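Quick look at data_17.cif (mmCIF, C-alpha atoms):
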data_protein
#
loop_
_atom_site.label_atom_id
_atom_site.label_comp_id
_atom_site.auth_asym_id
_atom_site.auth_seq_id
_atom_site.Cartn_x
_atom_site.Cartn_y
_atom_site.Cartn_z
CA MET A 1 37.99 -31.99 -17.07
CA LEU A 2 37.55 -29.97 -20.24
CA ARG A 3 40.59 -28.37 -21.81
CA LEU A 4 38.70 -25.07 -21.66
CA LEU A 5 38.56 -25.26 -17.87
CA GLU A 6 41.97 -26.85 -17.32
CA LEU A 7 43.90 -24.14 -19.13
CA GLY A 8 42.12 -21.27 -17.39
CA LEU A 9 42.69 -22.67 -13.91
CA ALA A 10 46.19 -24.02 -14.54
CA THR A 11 47.44 -20.67 -15.80
CA LEU A 12 46.15 -18.80 -12.76
CA GLU A 13 47.11 -21.31 -10.09
CA ASP A 14 50.59 -21.92 -11.56
CA GLU A 15 51.16 -18.16 -11.44
CA GLU A 16 50.08 -18.04 -7.80
CA ARG A 17 52.37 -20.94 -6.83
CA ASP A 18 55.29 -19.26 -8.59
CA GLN A 19 54.65 -15.98 -6.79
CA ASP A 20 54.29 -17.69 -3.41
CA ALA A 21 57.55 -19.58 -3.95
CA THR A 22 59.60 -16.52 -4.90
CA ARG A 23 58.10 -13.89 -2.57
CA PRO A 24 60.32 -13.16 0.46
CA PRO A 25 58.38 -13.71 3.71
CA THR A 26 58.48 -10.03 4.68
CA GLN A 27 57.79 -8.62 1.22
CA GLY A 28 54.89 -8.61 -1.15
CA SER A 29 51.32 -7.98 -0.17
CA PHE A 30 47.92 -8.82 -1.54
CA GLU A 31 46.41 -5.79 0.18
CA VAL A 32 43.76 -3.94 -1.82
CA ARG A 33 43.15 -0.63 -0.02
CA VAL A 34 41.36 1.78 -2.33
CA PRO A 35 40.84 5.54 -1.84
CA VAL A 36 37.14 6.37 -2.18
CA GLY A 37 37.06 10.13 -1.57
CA TYR A 38 37.33 12.79 1.15
CA LEU A 39 35.36 13.34 4.34
CA VAL A 40 32.71 16.05 4.38
CA PRO A 41 33.44 18.15 6.34
CA GLY A 42 37.15 17.82 7.05
CA ASN A 43 38.63 16.78 3.72
CA ASP A 44 40.50 13.81 5.23
CA PRO A 45 41.02 10.96 2.74
CA VAL A 46 38.74 7.93 3.10
CA TYR A 47 39.88 4.41 2.20
CA HIS A 48 38.31 0.99 1.95
CA HIS A 49 40.29 -2.18 2.64
CA VAL A 50 38.70 -4.61 0.18
CA ASN A 51 40.32 -7.89 1.17
CA GLY A 52 41.46 -7.69 4.78
CA PRO A 53 41.07 -10.52 7.31
CA ALA A 54 37.46 -11.73 7.48
CA ALA A 55 36.44 -8.97 5.02
CA THR A 56 33.95 -9.41 2.22
CA PRO A 57 35.24 -8.08 -1.13
CA HIS A 58 31.78 -7.19 -2.43
CA VAL A 59 30.75 -3.60 -3.18
CA ALA A 60 27.37 -1.88 -3.54
CA ILE A 61 27.14 1.52 -5.23
CA MET A 62 23.69 3.09 -5.39
CA GLY A 63 22.22 6.24 -6.83
CA LYS A 64 19.65 7.53 -9.25
CA THR A 65 20.59 8.18 -12.87
CA GLY A 66 23.21 10.91 -13.23
CA THR A 67 24.56 10.79 -9.66
CA GLY A 68 27.87 9.20 -10.65
CA LYS A 69 27.58 5.62 -9.39
CA THR A 70 29.03 4.18 -12.59
CA ARG A 71 31.69 6.86 -12.67
CA THR A 72 32.66 5.99 -9.09
CA GLY A 73 32.80 2.26 -9.83
CA LEU A 74 35.05 2.78 -12.85
CA GLN A 75 37.24 5.16 -10.87
CA MET A 76 37.73 2.48 -8.21
CA LEU A 77 38.63 -0.10 -10.85
CA GLN A 78 41.25 2.26 -12.26
CA ARG A 79 42.70 2.80 -8.79
CA LEU A 80 43.10 -0.94 -8.26
CA ARG A 81 46.02 -0.86 -10.68
CA SER A 82 47.94 1.65 -8.57
CA VAL A 83 47.26 0.27 -5.06
CA THR A 84 48.02 -3.43 -5.56
CA SER A 85 51.26 -5.33 -6.03
CA HIS A 86 49.60 -7.64 -8.57
CA ASP A 87 47.09 -7.22 -11.38
CA VAL A 88 43.43 -7.63 -10.43
CA PRO A 89 41.48 -8.31 -13.63
CA PHE A 90 37.85 -7.28 -13.85
CA LEU A 91 34.80 -8.23 -15.87
CA VAL A 92 32.19 -5.48 -16.35
CA PHE A 93 28.68 -6.10 -17.70
CA ASP A 94 27.49 -2.95 -19.48
CA PHE A 95 23.68 -3.13 -19.55
CA ALA A 96 22.02 0.13 -20.48
CA LYS A 97 23.75 2.35 -23.04
CA GLY A 98 27.15 0.94 -23.83
CA ASP A 99 28.75 4.02 -22.28
CA ILE A 100 31.28 1.99 -20.30
CA ALA A 101 32.40 0.15 -23.40
CA ALA A 102 32.60 3.48 -25.26
CA ASN A 103 34.74 5.13 -22.57
CA ASP A 104 38.06 5.32 -24.42
CA GLN A 105 39.97 6.75 -21.46
CA PHE A 106 38.85 3.97 -19.13
CA ARG A 107 39.63 1.26 -21.67
CA ASN A 108 43.04 2.69 -22.47
CA GLU A 109 44.05 3.12 -18.83
CA THR A 110 42.93 -0.35 -17.77
CA GLY A 111 43.66 -2.27 -20.96
CA ALA A 112 40.12 -3.67 -20.93
CA LYS A 113 38.92 -5.49 -24.03
CA VAL A 114 35.31 -5.10 -25.17
CA PHE A 115 32.97 -7.80 -26.43
CA ALA A 116 29.69 -6.47 -27.82
CA PRO A 117 27.44 -9.30 -29.01
CA PRO A 118 26.09 -10.10 -31.50
CA GLU A 119 28.86 -8.30 -33.44
CA ASP A 120 31.56 -9.71 -31.12
CA LEU A 121 31.11 -13.25 -29.87
CA ILE A 122 31.90 -13.81 -26.19
CA PRO A 123 34.88 -16.20 -25.82
CA LEU A 124 33.15 -18.61 -23.48
CA ALA A 125 31.18 -21.85 -23.80
CA PRO A 126 28.29 -21.48 -21.32
CA LEU A 127 27.32 -25.16 -21.52
CA ALA A 128 30.81 -26.49 -20.76
CA LEU A 129 30.91 -29.07 -17.97
CA PRO A 130 33.55 -29.31 -15.24
CA GLU A 131 33.34 -33.10 -15.57
CA GLN A 132 31.46 -35.62 -17.68
CA SER A 133 29.51 -37.37 -14.93
CA GLU A 134 25.78 -37.97 -14.82
CA THR A 135 25.54 -35.78 -11.73
CA ALA A 136 27.37 -32.92 -13.49
CA ILE A 137 24.95 -33.21 -16.42
CA LYS A 138 21.89 -33.13 -14.17
CA MET A 139 23.22 -30.15 -12.22
CA ALA A 140 24.14 -28.21 -15.38
CA ALA A 141 20.76 -28.90 -16.99
CA ARG A 142 18.91 -27.78 -13.87
CA ARG A 143 21.04 -24.65 -13.58
CA PHE A 144 20.32 -23.80 -17.22
CA VAL A 145 16.57 -24.23 -16.75
CA ASN A 146 16.60 -22.15 -13.56
CA THR A 147 18.45 -19.39 -15.41
CA ILE A 148 15.98 -19.36 -18.30
CA GLY A 149 13.10 -19.44 -15.81
CA SER A 150 14.47 -16.46 -13.89
CA VAL A 151 13.97 -14.27 -16.96
CA VAL A 152 11.23 -15.98 -19.00
CA ARG A 153 8.02 -17.26 -17.46
CA LEU A 154 8.02 -21.06 -17.70
CA GLY A 155 5.26 -23.32 -16.45
CA PRO A 156 5.91 -26.76 -14.93
CA ILE A 157 5.49 -28.52 -18.28
CA GLN A 158 7.87 -26.13 -20.03
CA LYS A 159 10.48 -26.56 -17.29
CA GLN A 160 10.26 -30.34 -17.64
CA ARG A 161 10.61 -30.07 -21.41
CA ALA A 162 13.60 -27.77 -21.03
CA LEU A 163 15.29 -30.26 -18.69
CA GLN A 164 14.61 -33.05 -21.17
CA ILE A 165 16.06 -31.05 -24.07
CA VAL A 166 19.25 -29.96 -22.35
CA THR A 167 19.90 -33.34 -20.74
CA SER A 168 19.49 -35.16 -24.07
CA VAL A 169 21.83 -32.69 -25.78
CA TYR A 170 24.50 -33.31 -23.12
CA HIS A 171 24.18 -37.06 -23.62
CA GLU A 172 24.41 -36.64 -27.38
CA PHE A 173 27.55 -34.53 -27.01
CA ARG A 174 29.16 -36.78 -24.39
CA GLY A 175 32.81 -35.65 -24.10
CA ARG A 176 32.17 -32.48 -26.11
CA THR A 177 30.52 -29.13 -25.40
CA PRO A 178 27.23 -28.22 -27.11
CA ASP A 179 26.43 -24.72 -28.35
CA MET A 180 23.36 -22.69 -27.50
CA GLU A 181 22.23 -22.78 -31.11
CA TYR A 182 22.16 -26.58 -31.06
CA VAL A 183 19.97 -26.55 -27.96
CA ALA A 184 17.54 -24.25 -29.79
CA GLU A 185 17.52 -26.53 -32.84
CA SER A 186 16.91 -29.60 -30.67
CA ALA A 187 14.00 -27.87 -28.96
CA ALA A 188 12.42 -26.92 -32.28
CA GLN A 189 12.77 -30.49 -33.54
CA LEU A 190 11.27 -32.01 -30.36
CA TYR A 191 8.30 -29.64 -30.46
CA GLU A 192 7.66 -30.42 -34.13
CA GLU A 193 7.89 -34.20 -33.63
CA ASN A 194 5.39 -34.07 -30.77
CA GLY A 195 3.04 -31.55 -32.34
CA TRP A 196 3.53 -29.10 -29.50
CA SER A 197 2.68 -25.47 -30.14
CA PRO A 198 5.50 -22.91 -29.92
CA ASP A 199 5.63 -21.20 -26.53
CA SER A 200 7.77 -18.90 -24.39
CA LEU A 201 10.50 -21.55 -24.09
CA THR A 202 10.95 -22.01 -27.82
CA ALA A 203 10.71 -18.24 -28.37
CA CYS A 204 13.47 -17.69 -25.83
CA LEU A 205 15.73 -20.40 -27.26
CA ARG A 206 15.15 -19.13 -30.78
CA GLU A 207 16.70 -15.80 -29.78
CA PHE A 208 20.01 -17.58 -29.27
CA THR A 209 19.89 -18.47 -32.95
CA ASP A 210 18.73 -15.03 -34.08
CA PHE A 211 21.38 -13.30 -31.95
CA PRO A 212 24.58 -15.38 -31.70
CA LEU A 213 26.33 -14.60 -28.42
CA PHE A 214 29.14 -17.08 -27.79
CA GLN A 215 32.01 -18.51 -29.76
CA LYS A 216 31.63 -22.04 -31.07
CA ALA A 217 32.79 -24.46 -28.43
CA GLU A 218 34.98 -26.45 -30.82
CA GLU A 219 36.80 -23.24 -31.82
CA LEU A 220 37.47 -22.21 -28.22
CA GLU A 221 40.48 -23.49 -26.29
CA ARG A 222 40.00 -21.35 -23.22
CA HIS A 223 38.31 -18.17 -22.05
CA PRO A 224 40.39 -15.15 -20.93
CA PHE A 225 38.40 -13.74 -18.03
CA PHE A 226 40.96 -14.52 -15.32
CA GLU A 227 43.86 -13.28 -17.43
CA GLY A 228 42.89 -9.70 -18.21
CA SER A 229 40.15 -7.11 -17.89
CA HIS A 230 37.05 -7.21 -20.09
CA ILE A 231 33.77 -5.42 -20.74
CA ILE A 232 30.77 -7.31 -22.08
CA ASP A 233 28.46 -4.76 -23.70
CA VAL A 234 24.95 -6.23 -23.96
CA HIS A 235 22.98 -3.03 -24.56
CA ARG A 236 22.23 -3.81 -28.23
CA LEU A 237 20.47 -7.05 -27.37
CA PRO A 238 16.74 -7.47 -26.58
CA ALA A 239 16.03 -6.85 -22.89
CA ASP A 240 15.52 -10.49 -21.86
CA LEU A 241 18.55 -11.63 -23.81
CA ARG A 242 20.71 -9.05 -22.04
CA LYS A 243 19.87 -10.65 -18.72
CA LEU A 244 20.25 -14.18 -20.03
CA THR A 245 23.67 -13.37 -21.47
CA VAL A 246 24.91 -12.10 -18.14
CA PHE A 247 23.40 -14.99 -16.19
CA LEU A 248 24.83 -17.63 -18.54
CA VAL A 249 28.30 -16.13 -18.17
CA LEU A 250 27.88 -16.03 -14.38
CA ASP A 251 26.67 -19.63 -14.35
CA HIS A 252 29.80 -20.78 -16.13
CA LEU A 253 32.17 -18.64 -14.09
CA TYR A 254 30.58 -19.78 -10.83
CA THR A 255 31.09 -23.43 -11.75
CA GLU A 256 34.70 -22.71 -12.64
CA ILE A 257 35.40 -20.55 -9.59
CA MET A 258 34.08 -23.17 -7.18
CA THR A 259 36.49 -25.79 -8.56
CA MET A 260 39.46 -23.55 -7.67
CA LYS A 261 41.42 -23.74 -4.46
CA ASP A 262 40.87 -20.91 -2.02
CA ALA A 263 42.89 -17.83 -2.99
CA PRO A 264 46.15 -17.56 -1.03
CA LEU A 265 46.66 -15.23 1.92
CA ASP A 266 49.64 -12.97 2.59
CA GLU A 267 51.30 -12.59 6.00
CA LYS A 268 48.66 -10.11 7.16
CA LYS A 269 45.81 -12.42 6.07
CA ASN A 270 44.88 -10.31 3.04
CA ARG A 271 43.37 -12.66 0.47
CA ARG A 272 44.62 -12.37 -3.07
CA GLN A 273 41.98 -10.94 -5.40
CA ARG A 274 41.69 -12.97 -8.58
CA LEU A 275 38.79 -11.22 -10.26
CA VAL A 276 36.26 -8.41 -9.78
CA ILE A 277 32.88 -8.87 -11.47
CA VAL A 278 30.95 -5.60 -11.93
CA ILE A 279 27.24 -5.61 -12.78
CA ASP A 280 26.04 -2.18 -13.88
CA GLU A 281 22.31 -1.38 -13.57
CA ALA A 282 22.10 -4.33 -11.18
CA HIS A 283 18.45 -3.66 -10.31
CA HIS A 284 17.54 -5.32 -13.62
CA TYR A 285 19.19 -8.53 -12.38
CA LEU A 286 18.49 -8.55 -8.64
CA ALA A 287 14.76 -8.71 -9.17
CA CYS A 288 15.08 -11.86 -11.32
CA LYS A 289 15.94 -14.04 -8.30
CA GLN A 290 18.50 -15.89 -10.37
CA PRO A 291 20.06 -18.42 -7.99
CA THR A 292 23.64 -18.24 -9.28
CA LEU A 293 23.99 -14.53 -8.55
CA GLU A 294 22.96 -15.13 -4.95
CA GLN A 295 25.32 -18.11 -4.69
CA MET A 296 28.22 -16.09 -6.03
CA VAL A 297 27.67 -13.28 -3.53
CA ARG A 298 27.55 -15.80 -0.68
CA GLU A 299 30.28 -18.22 -1.70
CA VAL A 300 33.07 -16.80 -3.88
CA ARG A 301 34.86 -14.53 -1.41
CA SER A 302 37.27 -17.29 -0.32
CA LYS A 303 38.17 -17.81 -3.97
CA GLY A 304 39.36 -14.21 -4.27
CA VAL A 305 36.42 -12.96 -6.34
CA GLY A 306 34.54 -9.74 -5.60
CA ILE A 307 31.05 -8.88 -6.87
CA TRP A 308 30.33 -5.17 -7.36
CA LEU A 309 26.67 -4.26 -7.81
CA LEU A 310 25.77 -0.82 -9.19
CA SER A 311 22.09 -0.08 -8.70
CA GLN A 312 19.54 2.72 -8.22
CA SER A 313 18.56 2.36 -4.57
CA PRO A 314 19.26 0.38 -1.38
CA ASP A 315 15.72 -0.97 -1.81
CA ASP A 316 16.93 -3.02 -4.80
CA PHE A 317 19.10 -5.20 -2.57
CA ASP A 318 16.24 -6.41 -0.38
CA GLN A 319 14.62 -9.15 -2.42
CA SER A 320 11.89 -11.43 -1.08
CA ASP A 321 14.16 -14.49 -0.92
CA TYR A 322 17.49 -12.86 -0.09
CA ASN A 323 18.93 -9.62 1.25
CA PHE A 324 22.07 -8.93 -0.81
CA SER A 325 23.11 -6.02 1.40
CA LYS A 326 24.23 -8.42 4.14
CA GLU A 327 27.19 -9.48 2.02
CA MET A 328 28.45 -6.03 1.00
CA GLY A 329 31.82 -4.95 2.41
CA LEU A 330 31.58 -1.41 1.01
CA SER A 331 28.31 0.48 0.57
CA ILE A 332 28.16 3.82 -1.26
CA VAL A 333 24.84 5.66 -1.50
CA PHE A 334 24.46 8.71 -3.72
CA ALA A 335 21.23 10.72 -4.01
CA CYS A 336 18.32 8.37 -4.58
CA VAL A 337 14.76 7.59 -3.59
CA VAL A 338 14.57 5.20 -0.64
CA GLU A 339 11.26 3.72 0.50
CA LYS A 340 12.61 1.28 3.10
CA GLN A 341 14.17 3.16 6.01
CA LYS A 342 15.38 -0.06 7.67
CA MET A 343 17.04 -1.19 4.45
CA LEU A 344 18.96 2.08 4.19
CA GLU A 345 20.15 1.78 7.78
CA SER A 346 21.05 -1.86 7.29
CA ILE A 347 23.25 -1.22 4.28
CA LEU A 348 24.97 1.80 5.85
CA GLY A 349 25.25 0.47 9.37
CA GLY A 350 23.63 3.39 11.18
CA ARG A 351 20.63 5.68 11.40
CA ILE A 352 20.17 7.80 8.27
CA ASP A 353 17.20 9.92 7.23
CA THR A 354 15.87 9.01 3.78
CA LYS A 355 15.30 12.72 3.09
CA GLU A 356 18.99 13.39 3.69
CA VAL A 357 19.85 10.78 1.07
CA SER A 358 17.43 12.18 -1.49
CA ASN A 359 18.98 15.65 -1.11
CA LEU A 360 22.68 14.73 -1.32
CA PRO A 361 24.59 17.17 -3.57
CA ALA A 362 26.30 16.00 -6.75
CA GLY A 363 29.48 14.04 -6.11
CA THR A 364 28.71 13.43 -2.42
CA ALA A 365 27.72 10.03 -1.04
CA ILE A 366 27.05 8.46 2.32
CA MET A 367 29.33 5.46 2.80
CA ARG A 368 30.09 2.60 5.10
CA THR A 369 33.67 1.43 4.59
CA SER A 370 35.95 -1.00 6.40
CA GLU A 371 37.75 1.93 8.03
CA THR A 372 34.85 4.08 9.19
CA ILE A 373 32.67 3.70 12.27
CA GLY A 374 29.14 3.94 10.95
CA PRO A 375 28.05 5.95 7.92
CA VAL A 376 30.02 9.02 6.84
CA ARG A 377 29.57 11.73 4.20
CA VAL A 378 32.25 11.52 1.52
CA LYS A 379 33.05 13.63 -1.53
CA ALA A 380 33.58 10.87 -4.09
CA TRP A 381 34.06 13.12 -7.12
CA GLU A 382 34.04 16.79 -8.06
CA PRO A 383 31.05 18.03 -10.09
#

For this file, write the structure as structure tokens.
Amino acid sequence: MLRLLELGLATLEDEERDQDATRPPTQGSFEVRVPVGYLVPGNDPVYHHVNGPAATPHVAIMGKTGTGKTRTGLQMLQRLRSVTSHDVPFLVFDFAKGDIAANDQFRNETGAKVFAPPEDLIPLAPLALPEQSETAIKMAARRFVNTIGSVVRLGPIQKQRALQIVTSVYHEFRGRTPDMEYVAESAAQLYEENGWSPDSLTACLREFTDFPLFQKAEELERHPFFEGSHIIDVHRLPADLRKLTVFLVLDHLYTEIMTMKDAPLDEKKNRRQRLVIVIDEAHHYLACKQPTLEQMVREVRSKGVGIWLLSQSPDDFDQSDYNFSKEMGLSIVFACVVEKQKMLESILGGRIDTKEVSNLPAGTAIMRTSETIGPVRVKAWEP
């Protein structure tokens, strides 16, 4: 197993073993119970238990631009620090304007570090393998091609060429980790040798050379994403490269997460939260049908990882191949346009009029939490 992967997992799992060994049986809790606002009417506080027994730690926050969905998500991340007995690091992908990365108060209060490529290289090697087997190479090459194809239109011939390129690079680098730039160079060389005309595949790969994103693999001992909180600000990149950057990071993290043991439980069956991954402006990603994002939402809860998706409407979660709303433990809907009545009711767990949602006042959302029976109106923030 690569040193990159070994160090990241060893640090986290050693810490968990130490805590389990020293924690008295009746003390210490992994409970993550976050305040999300006040009932309307009534003003009673409303909470969500993120990681209780059989709970899903995933969160959906929806609303049109300016309704406060990002503000609410950041507020919840800040509150994690005060309601847990252990640190819960987060990784936020800032898609649109870089306003999360530029939020000095949020960064200072959470200690989050910002990476803004291409100026700041992301400390991760997206093509790192968990093991150097032929099966691992085939799976990694296929995952890479599927990720590229979820953003850039690739025909059957281009997909086959992409598989050939990535697989040959892995074999050439046996025991080492290739960089994205080398994959792009190998593609250009193969196309030139065969007299193939440049196409969408080579144009996409060339962007990884024009806009460096990741640290050189040989210069990277480990990545820090389980050890502290981070913001990856992609808003300066071309639109397709923003998505590819996020998906490549998710691909790598998914592979790493799935090699970990299940996160430990406390006496009340609360599962320790190891990481929260927040995708802002998630509608840009959900429509791509990128397989890793779906796999993460379905599979990482036992590993102590939560996926928070901030999007514009409940409609965004109902994709042709998968309904993401089924996996959400907390759903928060601010004012937005909803075309699918059944989707709205599915995500909130009760009958709600779409007109009521479109006319919600500023700061007020309709929510379904772990501690409410059906949807409730909640004042999430004061205008």

- request: Starting from the displayed file, determine the output of the PyMOL selection byres ((chain A and resi 300) around 10) and express the residue list as an MDAnalysis selection string.
  value: chainID A and resid 56:58 254 257:258 262:263 295:299 301:307

Apply the PyMOL selection byres ((chain A and resi 361) around 10) to the displayed file and report the matching residues as a PDB file with C-alpha atoms, keeping the file's coordinate frame.
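Just written: result31.pdb:
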ATOM      1  CA  THR A  67      24.560  10.790  -9.660  1.00  0.00           C
ATOM      2  CA  PHE A 334      24.460   8.710  -3.720  1.00  0.00           C
ATOM      3  CA  ALA A 335      21.230  10.720  -4.010  1.00  0.00           C
ATOM      4  CA  GLU A 356      18.990  13.390   3.690  1.00  0.00           C
ATOM      5  CA  VAL A 357      19.850  10.780   1.070  1.00  0.00           C
ATOM      6  CA  SER A 358      17.430  12.180  -1.490  1.00  0.00           C
ATOM      7  CA  ASN A 359      18.980  15.650  -1.110  1.00  0.00           C
ATOM      8  CA  LEU A 360      22.680  14.730  -1.320  1.00  0.00           C
ATOM      9  CA  ALA A 362      26.300  16.000  -6.750  1.00  0.00           C
ATOM     10  CA  GLY A 363      29.480  14.040  -6.110  1.00  0.00           C
ATOM     11  CA  THR A 364      28.710  13.430  -2.420  1.00  0.00           C
ATOM     12  CA  ALA A 365      27.720  10.030  -1.040  1.00  0.00           C
ATOM     13  CA  LYS A 379      33.050  13.630  -1.530  1.00  0.00           C
ATOM     14  CA  PRO A 383      31.050  18.030 -10.090  1.00  0.00           C
TER      15      PRO A 383
END

- prompt: Could you name the residues that touch segment 142-155 of chain A at 12 Å or less, counting all atoms listed in the file, but leaving out those on the same chain fewer than 4 positions away, as JSON, numbers by chain?
  reply: {"A": [126, 127, 128, 129, 135, 136, 137, 138, 159, 160, 161, 162, 163, 164, 165, 166, 167, 170, 180, 183, 199, 200, 201, 202, 203, 204, 205, 208, 239, 240, 241, 242, 243, 244, 245, 246, 247, 248, 249, 250, 251, 252, 254, 255, 284, 285, 286, 287, 288, 289, 290, 291, 292, 293, 295]}

- request: Would you mind reading off the distance between atom CA of Phe106 of chain A and atom CA of Arg81 of chain A, one decimal, in Å?
  value: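 One can read the atom CA of Phe106 of chain A to atom CA of Arg81 of chain A distance as 12.1 Å.
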
message: Rounded to one decimal, what separation in Å do you get between atom CA of Glu193 of chain A and atom CA of Phe211 of chain A?
response: 24.9 Å

task: Run the PyMOL selection byres ((chain A and resi 325) around 8) against the file shown and list the residues it catches, as a list in words.
output: Ala60, Pro314, Phe317, Asp318, Asn323, Phe324, Lys326, Glu327, Met328, Ser346 and Ile347 of chain A

Selected residues written out, C-alpha atoms, as a compact mmCIF listing (two decimals), keeping the file's coordinate frame:
# COMPACT_ATOMS: atom_id res chain seq x y z
CA ALA A 60 27.37 -1.88 -3.54
CA PRO A 314 19.26 0.38 -1.38
CA PHE A 317 19.10 -5.20 -2.57
CA ASP A 318 16.24 -6.41 -0.38
CA ASN A 323 18.93 -9.62 1.25
CA PHE A 324 22.07 -8.93 -0.81
CA LYS A 326 24.23 -8.42 4.14
CA GLU A 327 27.19 -9.48 2.02
CA MET A 328 28.45 -6.03 1.00
CA SER A 346 21.05 -1.86 7.29
CA ILE A 347 23.25 -1.22 4.28

Near segment 266-270 of chain A, 12 Å: segment 35-130 of chain A residue rows, closest pairs, only C-alpha atoms, as CSV:
residue,atom,partner,partner_atom,distance
A:His49,CA,A:Asn270,CA,9.3
A:Val50,CA,A:Asn270,CA,8.9
A:Asn51,CA,A:Asn270,CA,5.5
A:Gly52,CA,A:Asn270,CA,4.6
A:Pro53,CA,A:Lys269,CA,5.3
A:Ala54,CA,A:Lys269,CA,8.5
A:Ala55,CA,A:Asn270,CA,8.8
A:Thr56,CA,A:Asn270,CA,11.0
A:Pro57,CA,A:Asn270,CA,10.7
A:Thr84,CA,A:Asn270,CA,11.5
A:Ser85,CA,A:Asp266,CA,11.6

task: Could you check which of A:His223, A:Gly68, A:Val92, A:Gln78 is closest to Asn108 of chain A, using all atoms listed in the file?
output: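 Of A:His223, A:Gly68, A:Val92, A:Gln78, the one nearest Asn108 of chain A is A:Gln78, counting all atoms listed in the file.
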
task: Could you give me, as a ChimeraX atom specification, the residues within 10 Å of Val234 of chain A, counting all atoms listed in the file and dropping anything in the same chain fewer than 3 positions from it?
output: /A:93-98,101,115-118,213,231,237-239,241-243,245-246

message: Which residue is closest to Gly175 of chain A? Choose from A:Glu192, A:Glu131, A:Glu382, A:Glu339 and count all atoms listed in the file.
response: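 Closest to Gly175 of chain A of all the choices is A:Glu131.
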
message: Please determine, counting only C-alpha atoms, which residue among A:Asp210, A:Asp104, A:Asp44, A:Glu109 has the shortest atom-to-atom distance to Glu185 of chain A.
response: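 Ranking A:Asp210, A:Asp104, A:Asp44, A:Glu109 by distance to Glu185 of chain A, first place goes to A:Asp210.
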
field: atom CA of Thr72 of chain A to atom CA of Asp120 of chain A, distance in Å rounded to a single decimal
entry: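 Going from atom CA of Thr72 of chain A over to atom CA of Asp120 of chain A, I get 27.1 Å.
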
Residues at most 6 Å from Ser311 of chain A, counting all atoms listed in the file, excluding those fewer than 2 positions away in the same chain, as a CSV table (one decimal) with C-alpha atoms, in the frame of the given file?
chain,number,residue,atom,x,y,z
A,62,MET,CA,23.7,3.1,-5.4
A,281,GLU,CA,22.3,-1.4,-13.6
A,282,ALA,CA,22.1,-4.3,-11.2
A,283,HIS,CA,18.4,-3.7,-10.3
A,313,SER,CA,18.6,2.4,-4.6

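Shortest separation to Leu124 of chain A among A:Ile352, A:Ala188, A:Ala217, A:Leu275 occurs at residue A:Ala217, atoms counted being all atoms listed in the file.
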
- request: Could you check which of A:Pro35, A:Ala125, A:Phe90, A:Val83 is closest to Arg222 of chain A, using only C-alpha atoms?
  value: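 With only C-alpha atoms as the atom set, the closest residue is A:Ala125.
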
message: Taking all atoms listed in the file into account, name the residue in A:Gln319, A:Asn194, A:Thr259, A:Thr177 that is nearest to Leu220 of chain A.
response: A:Thr177

Using the file's own x, y and z axes, so that the box edges lie along x, y and z, what centre and edge lengths in Å (one decimal) does a box around every listed atom of segment 333-336 of chain A get when 3 Å is added on each side? Give it as lines of an AutoDock Vina configuration file.
center_x = 21.6
center_y = 8.2
center_z = -3.0
size_x = 12.5
size_y = 11.1
size_z = 9.1
